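Asker: data.cif is reproduced in full below (mmCIF, C-alpha atoms).
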```
data_my_file
#
loop_
_atom_site.label_atom_id
_atom_site.label_comp_id
_atom_site.auth_asym_id
_atom_site.auth_seq_id
_atom_site.Cartn_x
_atom_site.Cartn_y
_atom_site.Cartn_z
CA MET A 1 16.41 23.92 -3.24
CA ASP A 2 17.25 20.25 -3.48
CA LYS A 3 13.89 18.62 -4.24
CA VAL A 4 10.16 18.54 -3.55
CA VAL A 5 9.23 15.59 -1.34
CA ALA A 6 5.68 14.44 -0.63
CA GLU A 7 5.50 12.42 2.53
CA ILE A 8 2.66 10.87 4.49
CA SER A 9 1.73 7.98 6.77
CA ILE A 10 -0.76 5.56 5.23
CA SER A 11 -2.58 2.40 6.24
CA LEU A 12 -1.94 -0.86 4.38
CA ASP A 13 -5.39 -0.45 2.82
CA GLY A 14 -4.49 2.99 1.49
CA TYR A 15 -6.04 5.50 3.90
CA VAL A 16 -4.20 8.55 5.26
CA ALA A 17 -7.05 9.28 7.71
CA GLY A 18 -9.81 7.15 9.14
CA PRO A 19 -13.55 7.69 8.69
CA SER A 20 -15.55 10.48 10.39
CA PRO A 21 -12.89 13.02 11.39
CA THR A 22 -13.88 15.45 14.14
CA LEU A 23 -12.12 18.32 15.91
CA GLU A 24 -11.29 15.94 18.75
CA GLU A 25 -10.20 13.24 16.34
CA PRO A 26 -8.89 15.12 13.27
CA LEU A 27 -7.42 11.93 11.78
CA GLY A 28 -10.74 10.09 11.94
CA LYS A 29 -11.65 6.83 13.58
CA GLY A 30 -8.49 4.80 14.10
CA GLY A 31 -6.36 7.35 12.27
CA GLU A 32 -4.02 7.88 15.21
CA GLN A 33 -2.66 4.37 14.57
CA LEU A 34 -1.01 5.68 11.42
CA HIS A 35 1.26 7.84 13.54
CA GLU A 36 2.13 5.44 16.33
CA TRP A 37 5.51 4.85 14.72
CA VAL A 38 6.48 8.53 14.95
CA VAL A 39 4.94 10.04 18.08
CA ARG A 40 7.24 7.97 20.29
CA LEU A 41 10.47 9.20 18.67
CA LYS A 42 13.12 11.50 20.14
CA THR A 43 13.03 14.02 17.26
CA PHE A 44 9.22 14.10 17.27
CA LYS A 45 9.16 14.85 20.98
CA GLU A 46 11.79 17.56 20.60
CA LEU A 47 9.84 19.25 17.79
CA HIS A 48 6.67 19.17 19.89
CA GLY A 49 8.39 20.43 23.04
CA ILE A 50 7.66 17.23 24.92
CA GLU A 51 10.09 16.68 27.78
CA GLY A 52 12.05 13.52 28.26
CA GLY A 53 13.41 10.72 26.20
CA GLY A 54 11.87 9.43 23.05
CA ASP A 55 12.91 6.31 21.18
CA VAL A 56 16.12 6.22 19.16
CA ASP A 57 15.91 3.43 16.60
CA ALA A 58 15.56 2.79 12.87
CA ASP A 59 12.42 4.95 12.67
CA GLU A 60 14.14 7.82 14.50
CA GLU A 61 16.91 7.65 11.92
CA VAL A 62 14.42 7.93 9.04
CA PHE A 63 12.41 10.67 10.73
CA ALA A 64 15.35 12.78 11.89
CA GLU A 65 16.92 12.55 8.46
CA TYR A 66 13.88 13.89 6.67
CA VAL A 67 13.03 16.53 9.25
CA HIS A 68 16.55 17.93 8.99
CA ALA A 69 16.38 17.88 5.19
CA GLN A 70 13.25 20.04 5.14
CA GLY A 71 13.55 23.76 4.55
CA ALA A 72 9.86 24.61 4.10
CA VAL A 73 6.49 22.89 4.26
CA VAL A 74 3.41 23.02 2.01
CA MET A 75 0.09 21.81 3.43
CA GLY A 76 -3.60 21.99 2.68
CA ARG A 77 -6.05 24.13 4.60
CA LYS A 78 -7.60 21.19 6.42
CA MET A 79 -4.22 20.02 7.66
CA PHE A 80 -3.63 23.55 8.94
CA SER A 81 -7.01 24.02 10.55
CA GLY A 82 -7.73 20.46 11.68
CA GLY A 83 -10.70 19.80 9.42
CA GLU A 84 -13.95 21.61 8.75
CA GLY A 85 -13.70 23.24 12.14
CA PRO A 86 -14.77 26.63 13.47
CA TRP A 87 -11.33 28.05 12.53
CA GLU A 88 -11.51 27.77 8.85
CA ASN A 89 -13.08 31.16 8.18
CA ASP A 90 -11.70 32.89 11.28
CA PRO A 91 -8.72 35.11 10.42
CA LYS A 92 -7.63 35.21 14.05
CA ALA A 93 -7.69 31.46 14.60
CA SER A 94 -4.32 29.76 14.86
CA GLY A 95 -5.36 26.28 13.74
CA TRP A 96 -4.92 23.22 15.82
CA TRP A 97 -1.14 23.33 16.14
CA GLY A 98 -1.08 25.46 19.30
CA ASP A 99 1.25 28.33 20.17
CA GLU A 100 4.43 26.41 19.37
CA PRO A 101 3.79 24.48 16.15
CA PRO A 102 6.25 21.64 15.53
CA PHE A 103 7.45 22.86 12.13
CA HIS A 104 10.00 25.53 13.14
CA LYS A 105 10.23 26.69 9.52
CA PRO A 106 8.14 28.47 6.88
CA VAL A 107 4.82 26.75 6.15
CA PHE A 108 2.71 27.57 3.07
CA VAL A 109 -0.98 26.78 3.46
CA VAL A 110 -3.07 26.22 0.31
CA THR A 111 -6.47 27.77 1.02
CA HIS A 112 -9.33 29.68 -0.55
CA HIS A 113 -9.38 32.13 2.36
CA GLU A 114 -7.08 35.16 2.20
CA ARG A 115 -5.33 35.82 5.46
CA GLU A 116 -2.30 37.66 6.81
CA PRO A 117 0.74 35.52 7.63
CA LEU A 118 0.67 34.02 11.10
CA VAL A 119 3.80 33.73 13.23
CA LEU A 120 3.70 31.21 16.04
CA GLY A 121 6.99 30.50 17.78
CA GLU A 122 9.52 29.61 15.09
CA THR A 123 6.85 28.76 12.52
CA THR A 124 5.46 31.23 9.99
CA PHE A 125 2.26 30.23 8.22
CA THR A 126 1.77 31.97 4.86
CA PHE A 127 -1.63 31.56 3.20
CA VAL A 128 -1.60 30.98 -0.54
CA THR A 129 -4.87 31.40 -2.43
CA ASP A 130 -3.76 30.56 -5.98
CA GLY A 131 -3.23 26.83 -5.68
CA VAL A 132 -0.65 24.19 -4.78
CA GLU A 133 1.68 25.10 -7.65
CA ALA A 134 1.97 28.68 -6.33
CA ALA A 135 2.49 27.39 -2.78
CA VAL A 136 5.31 25.07 -3.90
CA GLU A 137 6.81 27.95 -5.89
CA GLN A 138 6.79 30.24 -2.84
CA ALA A 139 8.29 27.48 -0.71
CA ARG A 140 11.05 26.83 -3.25
CA ALA A 141 11.92 30.52 -3.20
CA VAL A 142 12.70 30.56 0.53
CA VAL A 143 14.40 27.18 0.89
CA PRO A 144 18.20 26.91 1.14
CA ALA A 145 19.97 25.15 -1.75
CA ASP A 146 20.56 21.94 0.18
CA ARG A 147 17.09 21.61 1.70
CA ASN A 148 13.83 20.10 0.48
CA VAL A 149 10.31 21.40 0.19
CA LEU A 150 7.99 19.01 2.02
CA VAL A 151 4.44 18.54 0.75
CA ALA A 152 2.96 17.25 3.99
CA GLY A 153 -0.68 16.59 3.17
CA GLY A 154 -3.49 16.06 3.26
CA ALA A 155 -4.30 13.57 0.55
CA ASP A 156 -5.86 16.13 -1.79
CA THR A 157 -2.87 18.47 -1.57
CA ILE A 158 -0.41 15.63 -2.25
CA ASP A 159 -2.59 14.37 -5.11
CA GLN A 160 -2.73 17.84 -6.64
CA ALA A 161 1.06 18.21 -6.36
CA LEU A 162 1.62 14.74 -7.89
CA ALA A 163 -0.85 15.38 -10.71
CA ALA A 164 0.78 18.74 -11.48
CA GLY A 165 4.22 17.11 -11.77
CA LEU A 166 5.61 19.12 -8.84
CA VAL A 167 6.91 16.19 -6.77
CA ASP A 168 10.39 14.68 -7.12
CA GLU A 169 10.08 12.08 -4.40
CA LEU A 170 7.21 10.30 -2.64
CA GLN A 171 7.80 8.77 0.77
CA LEU A 172 5.09 6.63 2.30
CA HIS A 173 5.18 5.30 5.84
CA VAL A 174 2.98 2.22 5.57
CA ALA A 175 1.47 1.35 8.95
CA PRO A 176 0.48 -2.30 9.53
CA VAL A 177 -3.17 -1.44 10.04
CA LEU A 178 -6.40 -1.79 8.05
CA LEU A 179 -8.66 1.25 8.61
CA GLY A 180 -11.49 0.01 6.37
CA GLY A 181 -12.55 3.53 5.39
CA GLY A 182 -11.56 7.19 5.45
CA THR A 183 -9.53 9.39 3.13
CA ARG A 184 -7.55 7.66 0.41
CA LEU A 185 -4.33 8.87 -1.14
CA PHE A 186 -4.15 8.79 -4.98
CA GLU A 187 -7.92 9.10 -5.50
CA GLY A 188 -7.57 12.68 -6.76
CA LEU A 189 -5.02 11.94 -9.47
CA GLY A 190 -7.48 11.15 -12.24
CA ALA A 191 -5.54 10.35 -15.39
CA GLN A 192 -2.50 12.33 -14.16
CA ARG A 193 -0.77 9.34 -12.62
CA PRO A 194 3.00 9.82 -12.42
CA ARG A 195 5.53 7.10 -13.05
CA LEU A 196 7.21 5.82 -9.91
CA GLU A 197 10.58 4.21 -9.39
CA LEU A 198 11.39 2.48 -6.12
CA ALA A 199 14.31 4.31 -4.51
CA ALA A 200 14.64 2.82 -1.03
CA VAL A 201 12.86 0.69 1.53
CA ARG A 202 13.46 0.86 5.26
CA GLU A 203 11.63 -1.05 7.93
CA SER A 204 10.98 -1.34 11.61
CA PRO A 205 8.51 -3.39 13.61
CA TYR A 206 6.21 -0.34 13.48
CA VAL A 207 6.15 0.71 9.87
CA SER A 208 7.55 0.23 6.36
CA HIS A 209 9.15 3.29 4.81
CA LEU A 210 8.79 3.15 1.01
CA ARG A 211 10.54 5.86 -0.98
CA TYR A 212 9.91 6.46 -4.69
CA ARG A 213 11.41 8.72 -7.30
CA VAL A 214 8.57 10.39 -9.19
CA GLY A 215 9.10 10.74 -12.94
CA MET W 1 0.74 -28.12 7.78
CA ASP W 2 2.90 -25.18 8.77
CA LYS W 3 0.66 -22.17 8.05
CA VAL W 4 -1.87 -20.57 5.72
CA VAL W 5 -0.29 -17.78 3.69
CA ALA W 6 -2.18 -15.28 1.54
CA GLU W 7 0.02 -13.76 -1.09
CA ILE W 8 -0.58 -11.38 -3.97
CA SER W 9 1.03 -8.64 -6.05
CA ILE W 10 -0.57 -5.24 -5.60
CA SER W 11 -0.13 -1.72 -6.96
CA LEU W 12 0.91 1.13 -4.66
CA ASP W 13 -2.65 2.44 -4.94
CA GLY W 14 -4.07 -0.88 -3.75
CA TYR W 15 -5.23 -2.72 -6.86
CA VAL W 16 -4.51 -6.40 -7.55
CA ALA W 17 -5.87 -6.11 -11.09
CA GLY W 18 -6.41 -3.16 -13.41
CA PRO W 19 -9.75 -1.98 -14.82
CA SER W 20 -11.72 -3.80 -17.56
CA PRO W 21 -10.29 -7.34 -17.47
CA THR W 22 -10.84 -9.39 -20.63
CA LEU W 23 -9.90 -12.92 -21.71
CA GLU W 24 -6.90 -11.47 -23.54
CA GLU W 25 -6.00 -9.24 -20.59
CA PRO W 26 -7.22 -11.15 -17.52
CA LEU W 27 -5.40 -8.76 -15.17
CA GLY W 28 -7.12 -5.71 -16.64
CA LYS W 29 -5.64 -2.58 -18.14
CA GLY W 30 -2.05 -2.19 -16.89
CA GLY W 31 -2.39 -5.18 -14.57
CA GLU W 32 0.56 -7.02 -16.12
CA GLN W 33 2.83 -4.40 -14.55
CA LEU W 34 2.06 -5.92 -11.15
CA HIS W 35 3.87 -9.10 -12.20
CA GLU W 36 6.87 -7.65 -13.98
CA TRP W 37 8.97 -8.40 -10.92
CA VAL W 38 8.24 -12.14 -11.08
CA VAL W 39 7.85 -13.18 -14.73
CA ARG W 40 11.56 -12.59 -15.36
CA LEU W 41 12.75 -14.90 -12.56
CA LYS W 42 14.48 -18.28 -12.88
CA THR W 43 11.98 -20.15 -10.68
CA PHE W 44 9.01 -18.57 -12.46
CA LYS W 45 10.37 -19.65 -15.86
CA GLU W 46 11.04 -23.17 -14.61
CA LEU W 47 7.50 -23.49 -13.24
CA HIS W 48 6.07 -22.30 -16.54
CA GLY W 49 8.30 -24.55 -18.65
CA ILE W 50 9.99 -21.58 -20.30
CA GLU W 51 13.46 -22.47 -21.63
CA GLY W 52 16.55 -20.55 -20.75
CA GLY W 53 17.83 -18.38 -18.01
CA GLY W 54 15.74 -16.22 -15.79
CA ASP W 55 17.05 -13.68 -13.31
CA VAL W 56 18.64 -14.76 -10.04
CA ASP W 57 18.50 -11.89 -7.56
CA ALA W 58 16.76 -10.72 -4.38
CA ASP W 59 13.32 -11.26 -5.92
CA GLU W 60 14.24 -14.77 -7.06
CA GLU W 61 15.24 -15.53 -3.47
CA VAL W 62 11.87 -14.37 -2.14
CA PHE W 63 9.90 -16.13 -4.88
CA ALA W 64 11.81 -19.44 -4.77
CA GLU W 65 11.52 -19.51 -0.99
CA TYR W 66 7.76 -19.18 -0.97
CA VAL W 67 7.16 -21.46 -3.95
CA HIS W 68 9.16 -24.24 -2.26
CA ALA W 69 7.29 -23.67 1.01
CA GLN W 70 3.90 -24.23 -0.65
CA GLY W 71 2.24 -27.61 -0.39
CA ALA W 72 -1.18 -26.72 -1.81
CA VAL W 73 -2.97 -23.74 -3.33
CA VAL W 74 -6.44 -22.26 -2.80
CA MET W 75 -7.82 -19.91 -5.46
CA GLY W 76 -11.10 -18.39 -6.55
CA ARG W 77 -13.01 -19.45 -9.62
CA LYS W 78 -12.09 -16.36 -11.61
CA MET W 79 -8.39 -16.94 -10.99
CA PHE W 80 -8.88 -20.51 -12.24
CA SER W 81 -10.95 -19.62 -15.29
CA GLY W 82 -9.45 -16.28 -16.23
CA GLY W 83 -12.48 -14.14 -15.53
CA GLU W 84 -16.08 -14.28 -16.65
CA GLY W 85 -14.98 -16.26 -19.68
CA PRO W 86 -16.66 -18.96 -21.69
CA TRP W 87 -15.12 -21.64 -19.42
CA GLU W 88 -16.86 -20.87 -16.23
CA ASN W 89 -19.85 -23.16 -16.76
CA ASP W 90 -18.11 -25.65 -19.00
CA PRO W 91 -17.15 -28.80 -17.07
CA LYS W 92 -14.71 -29.84 -19.79
CA ALA W 93 -12.84 -26.54 -19.99
CA SER W 94 -9.40 -26.49 -18.46
CA GLY W 95 -9.20 -22.83 -17.56
CA TRP W 96 -6.56 -20.48 -18.83
CA TRP W 97 -3.54 -22.22 -17.37
CA GLY W 98 -2.95 -24.53 -20.35
CA ASP W 99 -1.98 -28.21 -20.34
CA GLU W 100 0.93 -27.78 -17.94
CA PRO W 101 -0.21 -25.38 -15.19
CA PRO W 102 2.63 -23.83 -13.20
CA PHE W 103 1.44 -25.06 -9.80
CA HIS W 104 2.73 -28.66 -9.80
CA LYS W 105 0.72 -29.38 -6.64
CA PRO W 106 -2.90 -29.75 -5.49
CA VAL W 107 -5.06 -26.69 -6.20
CA PHE W 108 -8.47 -26.15 -4.58
CA VAL W 109 -10.79 -23.88 -6.53
CA VAL W 110 -13.63 -22.11 -4.68
CA THR W 111 -16.59 -22.11 -7.06
CA HIS W 112 -20.37 -22.40 -7.23
CA HIS W 113 -20.12 -24.93 -10.07
CA GLU W 114 -19.70 -28.60 -9.20
CA ARG W 115 -17.13 -30.32 -11.33
CA GLU W 116 -14.98 -33.45 -11.29
CA PRO W 117 -11.33 -32.94 -10.36
CA LEU W 118 -9.13 -31.99 -13.30
CA VAL W 119 -5.59 -33.34 -13.64
CA LEU W 120 -3.27 -31.36 -15.90
CA GLY W 121 0.41 -32.35 -15.81
CA GLU W 122 1.50 -32.31 -12.16
CA THR W 123 -1.40 -30.11 -11.06
CA THR W 124 -4.72 -31.41 -9.76
CA PHE W 125 -7.58 -28.93 -9.58
CA THR W 126 -10.27 -29.89 -7.06
CA PHE W 127 -13.48 -27.85 -7.15
CA VAL W 128 -14.95 -26.91 -3.78
CA THR W 129 -18.53 -25.63 -3.69
CA ASP W 130 -18.95 -24.96 0.02
CA GLY W 131 -16.78 -21.89 0.41
CA VAL W 132 -13.23 -20.76 1.13
CA GLU W 133 -13.17 -22.26 4.63
CA ALA W 134 -13.88 -25.73 3.20
CA ALA W 135 -11.28 -25.22 0.47
CA VAL W 136 -8.61 -24.25 3.02
CA GLU W 137 -9.63 -27.25 5.13
CA GLN W 138 -9.22 -29.64 2.20
CA ALA W 139 -5.87 -28.07 1.33
CA ARG W 140 -4.64 -28.40 4.92
CA ALA W 141 -5.56 -32.07 4.86
CA VAL W 142 -3.24 -32.88 1.94
CA VAL W 143 -0.30 -30.64 2.81
CA PRO W 144 2.90 -32.06 4.38
CA ALA W 145 3.66 -30.93 7.94
CA ASP W 146 6.42 -28.55 6.89
CA ARG W 147 4.59 -26.90 3.99
CA ASN W 148 2.16 -24.01 3.71
CA VAL W 149 -1.26 -23.61 2.18
CA LEU W 150 -1.15 -20.67 -0.23
CA VAL W 151 -4.28 -18.57 -0.71
CA ALA W 152 -3.35 -17.14 -4.11
CA GLY W 153 -6.26 -14.86 -5.01
CA GLY W 154 -8.16 -13.16 -6.35
CA ALA W 155 -8.95 -10.29 -4.04
CA ASP W 156 -12.36 -11.64 -3.02
CA THR W 157 -10.96 -15.06 -2.08
CA ILE W 158 -8.14 -13.52 -0.02
CA ASP W 159 -10.60 -11.10 1.62
CA GLN W 160 -12.94 -13.99 2.52
CA ALA W 161 -10.05 -15.97 3.99
CA LEU W 162 -8.82 -12.95 5.99
CA ALA W 163 -12.31 -12.12 7.24
CA ALA W 164 -12.87 -15.74 8.29
CA GLY W 165 -9.64 -15.74 10.32
CA LEU W 166 -8.09 -18.48 8.18
CA VAL W 167 -4.85 -16.68 7.29
CA ASP W 168 -1.66 -16.81 9.40
CA GLU W 169 0.48 -14.66 7.16
CA LEU W 170 -0.13 -12.03 4.49
CA GLN W 171 2.56 -11.31 1.94
CA LEU W 172 2.12 -8.39 -0.42
CA HIS W 173 4.41 -7.64 -3.32
CA VAL W 174 3.93 -3.90 -3.75
CA ALA W 175 4.72 -2.85 -7.32
CA PRO W 176 5.80 0.78 -7.88
CA VAL W 177 2.86 1.55 -10.11
CA LEU W 178 -0.42 3.48 -9.84
CA LEU W 179 -3.21 1.68 -11.75
CA GLY W 180 -5.89 4.27 -10.95
CA GLY W 181 -8.70 1.70 -10.98
CA GLY W 182 -9.50 -2.01 -11.00
CA THR W 183 -9.96 -4.59 -8.27
CA ARG W 184 -8.95 -3.60 -4.76
CA LEU W 185 -7.72 -5.90 -2.03
CA PHE W 186 -9.32 -5.46 1.44
CA GLU W 187 -12.60 -4.06 0.07
CA GLY W 188 -14.48 -7.26 0.95
CA LEU W 189 -13.46 -7.39 4.61
CA GLY W 190 -16.29 -5.29 5.97
CA ALA W 191 -15.91 -5.06 9.74
CA GLN W 192 -13.87 -8.29 9.87
CA ARG W 193 -10.51 -6.55 9.63
CA PRO W 194 -7.73 -8.64 11.15
CA ARG W 195 -4.88 -7.24 13.20
CA LEU W 196 -1.56 -7.19 11.38
CA GLU W 197 1.97 -7.28 12.67
CA LEU W 198 4.86 -6.44 10.38
CA ALA W 199 7.07 -9.52 10.11
CA ALA W 200 9.60 -8.74 7.39
CA VAL W 201 10.33 -6.36 4.55
CA ARG W 202 12.44 -7.20 1.54
CA GLU W 203 13.12 -5.01 -1.45
CA SER W 204 14.45 -4.90 -4.94
CA PRO W 205 14.37 -2.23 -7.63
CA TYR W 206 11.20 -3.93 -8.93
CA VAL W 207 9.02 -4.42 -5.88
CA SER W 208 8.68 -4.20 -2.09
CA HIS W 209 7.87 -7.45 -0.34
CA LEU W 210 5.87 -6.74 2.84
CA ARG W 211 5.12 -9.69 5.09
CA TYR W 212 2.65 -9.53 7.99
CA ARG W 213 1.61 -11.92 10.70
CA VAL W 214 -2.18 -11.95 10.86
CA GLY W 215 -3.69 -12.04 14.34
#
```
Kindly transcribe the structure held in the file into structure tokens.
Answerer:
Amino acid sequence: MDKVVAEISISLDGYVAGPSPTLEEPLGKGGEQLHEWVVRLKTFKELHGIEGGGDVDADEEVFAEYVHAQGAVVMGRKMFSGGEGPWENDPKASGWWGDEPPFHKPVFVVTHHEREPLVLGETTFTFVTDGVEAAVEQARAVVPADRNVLVAGGADTIDQALAAGLVDELQLHVAPVLLGGGTRLFEGLGAQRPRLELAAVRESPYVSHLRYRVG
Amino acid sequence: MDKVVAEISISLDGYVAGPSPTLEEPLGKGGEQLHEWVVRLKTFKELHGIEGGGDVDADEEVFAEYVHAQGAVVMGRKMFSGGEGPWENDPKASGWWGDEPPFHKPVFVVTHHEREPLVLGETTFTFVTDGVEAAVEQARAVVPADRNVLVAGGADTIDQALAAGLVDELQLHVAPVLLGGGTRLFEGLGAQRPRLELAAVRESPYVSHLRYRVG
């Protein structure tokens, strides 16, 4: 494994999801704006099996680079199931990612609910009930030497990974939007705030990509 | 006047000052870290009458450019007086900026306390008791055609100016630090959240400079 990277899109006022998430609007009110920079890109469309085109620009370069660097993904239960929905206690439910999830690699879901692994297309979801540290450990074990483990969210999972000292690199995609409410990143750190060192900044008209080494 | 620019240094977790500000530590616990990028610069040292040197680099370029573009400054009473200090009701007090404040131009202070203008070195402080809109108006009136009005802080003054639609450009200097508490920017906007458009990003190892057009 190369490194553990936490990565998420965030509003300029610090929210990774808007207020009042629902099953129809899992990112909350206005939350879709956080992802406008990415949903239009060539690599995003390919991963989601969307036919035709997709933008190729500075954002595509950033996105393609990090997607290809990923060997496994860690996510929280709500990111898997799309919120406090009817799936969360249903062992047969497949979450909100559909039959062909866009990950195409092993995904480790941090959850309190035991469940058999779930294979959907090229994505295998493995459910880990003993915390984010165990999930990162399992992900590290399956990742090739030159690939990263991605901690993809949500905010609480990234905060737990940061607070536990598991993260080598934090990449934020700062969208030029003020959501005014919702779910904040960094609120769950408590006194376990890591040191950050600015590693790289990339920009486009859509978003600012800020990358930090986490010490 | 060219435009009204709001500008402030901010932590990655969204604070423009740390928790528990005091007279000795007006930026709160850890708040000085937000300004590490600027206090070392040549133009900063010149403005503050500090002898000798100062760094000349990408940050100096950003800082010198915006300092030279400013024709007048608007600030809140706490930024003038250094917090809830003994000065705030004292018409003779000169605030915490000393005998030679670093502004060297007209400064308009939004306050509830009437007070005669105060001239210190090349800086004139004018006290405006009818709100941020009036302060910006007075600043616009004295500024040369090719210069900006700077709304310098604190958070509540910038939020009021943003909410009132007075700001043309927002520049944030995002420091790679997590303060974990303190005074947040954007908390005072309520439903009056302006639209933002990313205008430019500049970087250094110390800070990310994010500039937005405000619509």
Asker: Carefully work through the PyMOL selection byres ((chain A) within 6 of (chain W)) for this structure and note down the residues it includes, as a PyMOL selection string.
Answerer: chain A and resi 176+196+198+205
Asker: Go through A:Ala72, A:Val143, A:Leu34, A:Val151 one by one, measure the shortest atom-to-atom distance of each to Leu166 (chain A) using only C-alpha atoms, and give the residue with the smallest value.
Answerer: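 Among A:Ala72, A:Val143, A:Leu34, A:Val151, it is A:Val151 that comes nearest to Leu166 (chain A).
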Asker: Provide the CA of Lys45 (chain A) to CA of Thr157 (chain A) distance in Å, to one decimal place.
Answerer: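 Computing the Euclidean distance for CA of Lys45 (chain A) and CA of Thr157 (chain A) yields 25.8 Å.
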Asker: When you look at Glu7 (chain W) with a cut-off of 12 Å (counting all atoms listed in the file), what residues show up, excluding the ones that are within fewer than 4 positions of it in the same chain? I need them as a PDB file with C-alpha atoms, in the frame of the given file.
Answerer:
```pdb
ATOM      1  CA  VAL W  16      -4.510  -6.400  -7.550  1.00  0.00           C
ATOM      2  CA  VAL W  62      11.870 -14.370  -2.140  1.00  0.00           C
ATOM      3  CA  PHE W  63       9.900 -16.130  -4.880  1.00  0.00           C
ATOM      4  CA  TYR W  66       7.760 -19.180  -0.970  1.00  0.00           C
ATOM      5  CA  VAL W  67       7.160 -21.460  -3.950  1.00  0.00           C
ATOM      6  CA  GLN W  70       3.900 -24.230  -0.650  1.00  0.00           C
ATOM      7  CA  VAL W  73      -2.970 -23.740  -3.330  1.00  0.00           C
ATOM      8  CA  VAL W  74      -6.440 -22.260  -2.800  1.00  0.00           C
ATOM      9  CA  MET W  75      -7.820 -19.910  -5.460  1.00  0.00           C
ATOM     10  CA  ASN W 148       2.160 -24.010   3.710  1.00  0.00           C
ATOM     11  CA  VAL W 149      -1.260 -23.610   2.180  1.00  0.00           C
ATOM     12  CA  LEU W 150      -1.150 -20.670  -0.230  1.00  0.00           C
ATOM     13  CA  VAL W 151      -4.280 -18.570  -0.710  1.00  0.00           C
ATOM     14  CA  ALA W 152      -3.350 -17.140  -4.110  1.00  0.00           C
ATOM     15  CA  GLY W 153      -6.260 -14.860  -5.010  1.00  0.00           C
ATOM     16  CA  GLY W 154      -8.160 -13.160  -6.350  1.00  0.00           C
ATOM     17  CA  ALA W 155      -8.950 -10.290  -4.040  1.00  0.00           C
ATOM     18  CA  THR W 157     -10.960 -15.060  -2.080  1.00  0.00           C
ATOM     19  CA  ILE W 158      -8.140 -13.520  -0.020  1.00  0.00           C
ATOM     20  CA  ASP W 159     -10.600 -11.100   1.620  1.00  0.00           C
ATOM     21  CA  ALA W 161     -10.050 -15.970   3.990  1.00  0.00           C
ATOM     22  CA  LEU W 162      -8.820 -12.950   5.990  1.00  0.00           C
ATOM     23  CA  VAL W 167      -4.850 -16.680   7.290  1.00  0.00           C
ATOM     24  CA  ASP W 168      -1.660 -16.810   9.400  1.00  0.00           C
ATOM     25  CA  GLU W 169       0.480 -14.660   7.160  1.00  0.00           C
ATOM     26  CA  LEU W 170      -0.130 -12.030   4.490  1.00  0.00           C
ATOM     27  CA  GLN W 171       2.560 -11.310   1.940  1.00  0.00           C
ATOM     28  CA  LEU W 172       2.120  -8.390  -0.420  1.00  0.00           C
ATOM     29  CA  HIS W 173       4.410  -7.640  -3.320  1.00  0.00           C
ATOM     30  CA  VAL W 174       3.930  -3.900  -3.750  1.00  0.00           C
ATOM     31  CA  LEU W 185      -7.720  -5.900  -2.030  1.00  0.00           C
ATOM     32  CA  HIS W 209       7.870  -7.450  -0.340  1.00  0.00           C
ATOM     33  CA  LEU W 210       5.870  -6.740   2.840  1.00  0.00           C
ATOM     34  CA  ARG W 211       5.120  -9.690   5.090  1.00  0.00           C
ATOM     35  CA  TYR W 212       2.650  -9.530   7.990  1.00  0.00           C
TER      36      TYR W 212
END
```
Asker: Output the residue selection produced by the PyMOL selection byres ((chain W and resi 134) around 12) on the file above, formatted as a PyMOL selection string.
Answerer: chain W and resi 74+108-111+126-133+135-141+160-161+164+166
Asker: Could you work out how far CA of Lys105 (chain W) lies from CA of Leu41 (chain W), giving the answer in Å with one decimal?
Answerer: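 Taking CA of Leu41 (chain W) as the start and CA of Lys105 (chain W) as the end point, the length is 19.7 Å.
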Asker: Could you list the residues chosen by the PyMOL selection byres ((chain A and resi 19) around 7) in this structure as a PyMOL selection string?
Answerer: chain A and resi 17-18+20-21+28-29+181-182
Asker: Restricting the calculation to only C-alpha atoms: of A:Pro101, A:Gly49, A:Gly71, A:Gly215, which residue gets closest to Gly165 (chain A)?
Answerer: A:Gly215
Asker: Taking all atoms listed in the file into account, which of A:Glu116, A:Trp97, A:Ala69, A:Lys78 comes nearest Asp2 (chain A)?
Answerer: A:Ala69
Asker: Return the single residue from W:Phe80, W:Glu36, W:Asp59, W:Leu47 that is closest to Gly121 (chain W), with distances computed using only C-alpha atoms.
Answerer: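 The shortest atom-to-atom distance to Gly121 (chain W) comes from W:Leu47.
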Asker: What's the separation between CA of Thr124 (chain A) and CA of Met79 (chain A), in Å to one decimal place?
Answerer: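 So the answer is 15.0 Å.
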Asker: With only C-alpha atoms as the atoms that count, which of A:Gly76, A:His104, A:Leu27, A:Val5 lies nearest to Glu46 (chain A)?
Answerer: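 Looking at the shortest contact to Glu46 (chain A), the residue is A:His104.
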Asker: Using the atoms already present, construct N, CA and C atoms for region 36-40 of chain A and hand them back as a compact mmCIF listing (two decimals), keeping the file's coordinate frame.
Answerer:
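Contents of result_24.txt, freshly written:
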```txt
# COMPACT_ATOMS: atom_id res chain seq x y z
N GLU A 36 1.52 6.06 15.15
CA GLU A 36 2.13 5.44 16.33
C GLU A 36 3.64 5.28 16.17
N TRP A 37 4.07 5.05 14.94
CA TRP A 37 5.51 4.85 14.72
C TRP A 37 6.31 6.11 15.04
N VAL A 38 5.71 7.28 14.90
CA VAL A 38 6.48 8.53 14.95
C VAL A 38 6.34 9.27 16.28
N VAL A 39 5.17 9.20 16.90
CA VAL A 39 4.94 10.04 18.08
C VAL A 39 5.82 9.64 19.26
N ARG A 40 6.40 8.47 19.20
CA ARG A 40 7.24 7.97 20.29
C ARG A 40 8.72 8.34 20.11
```
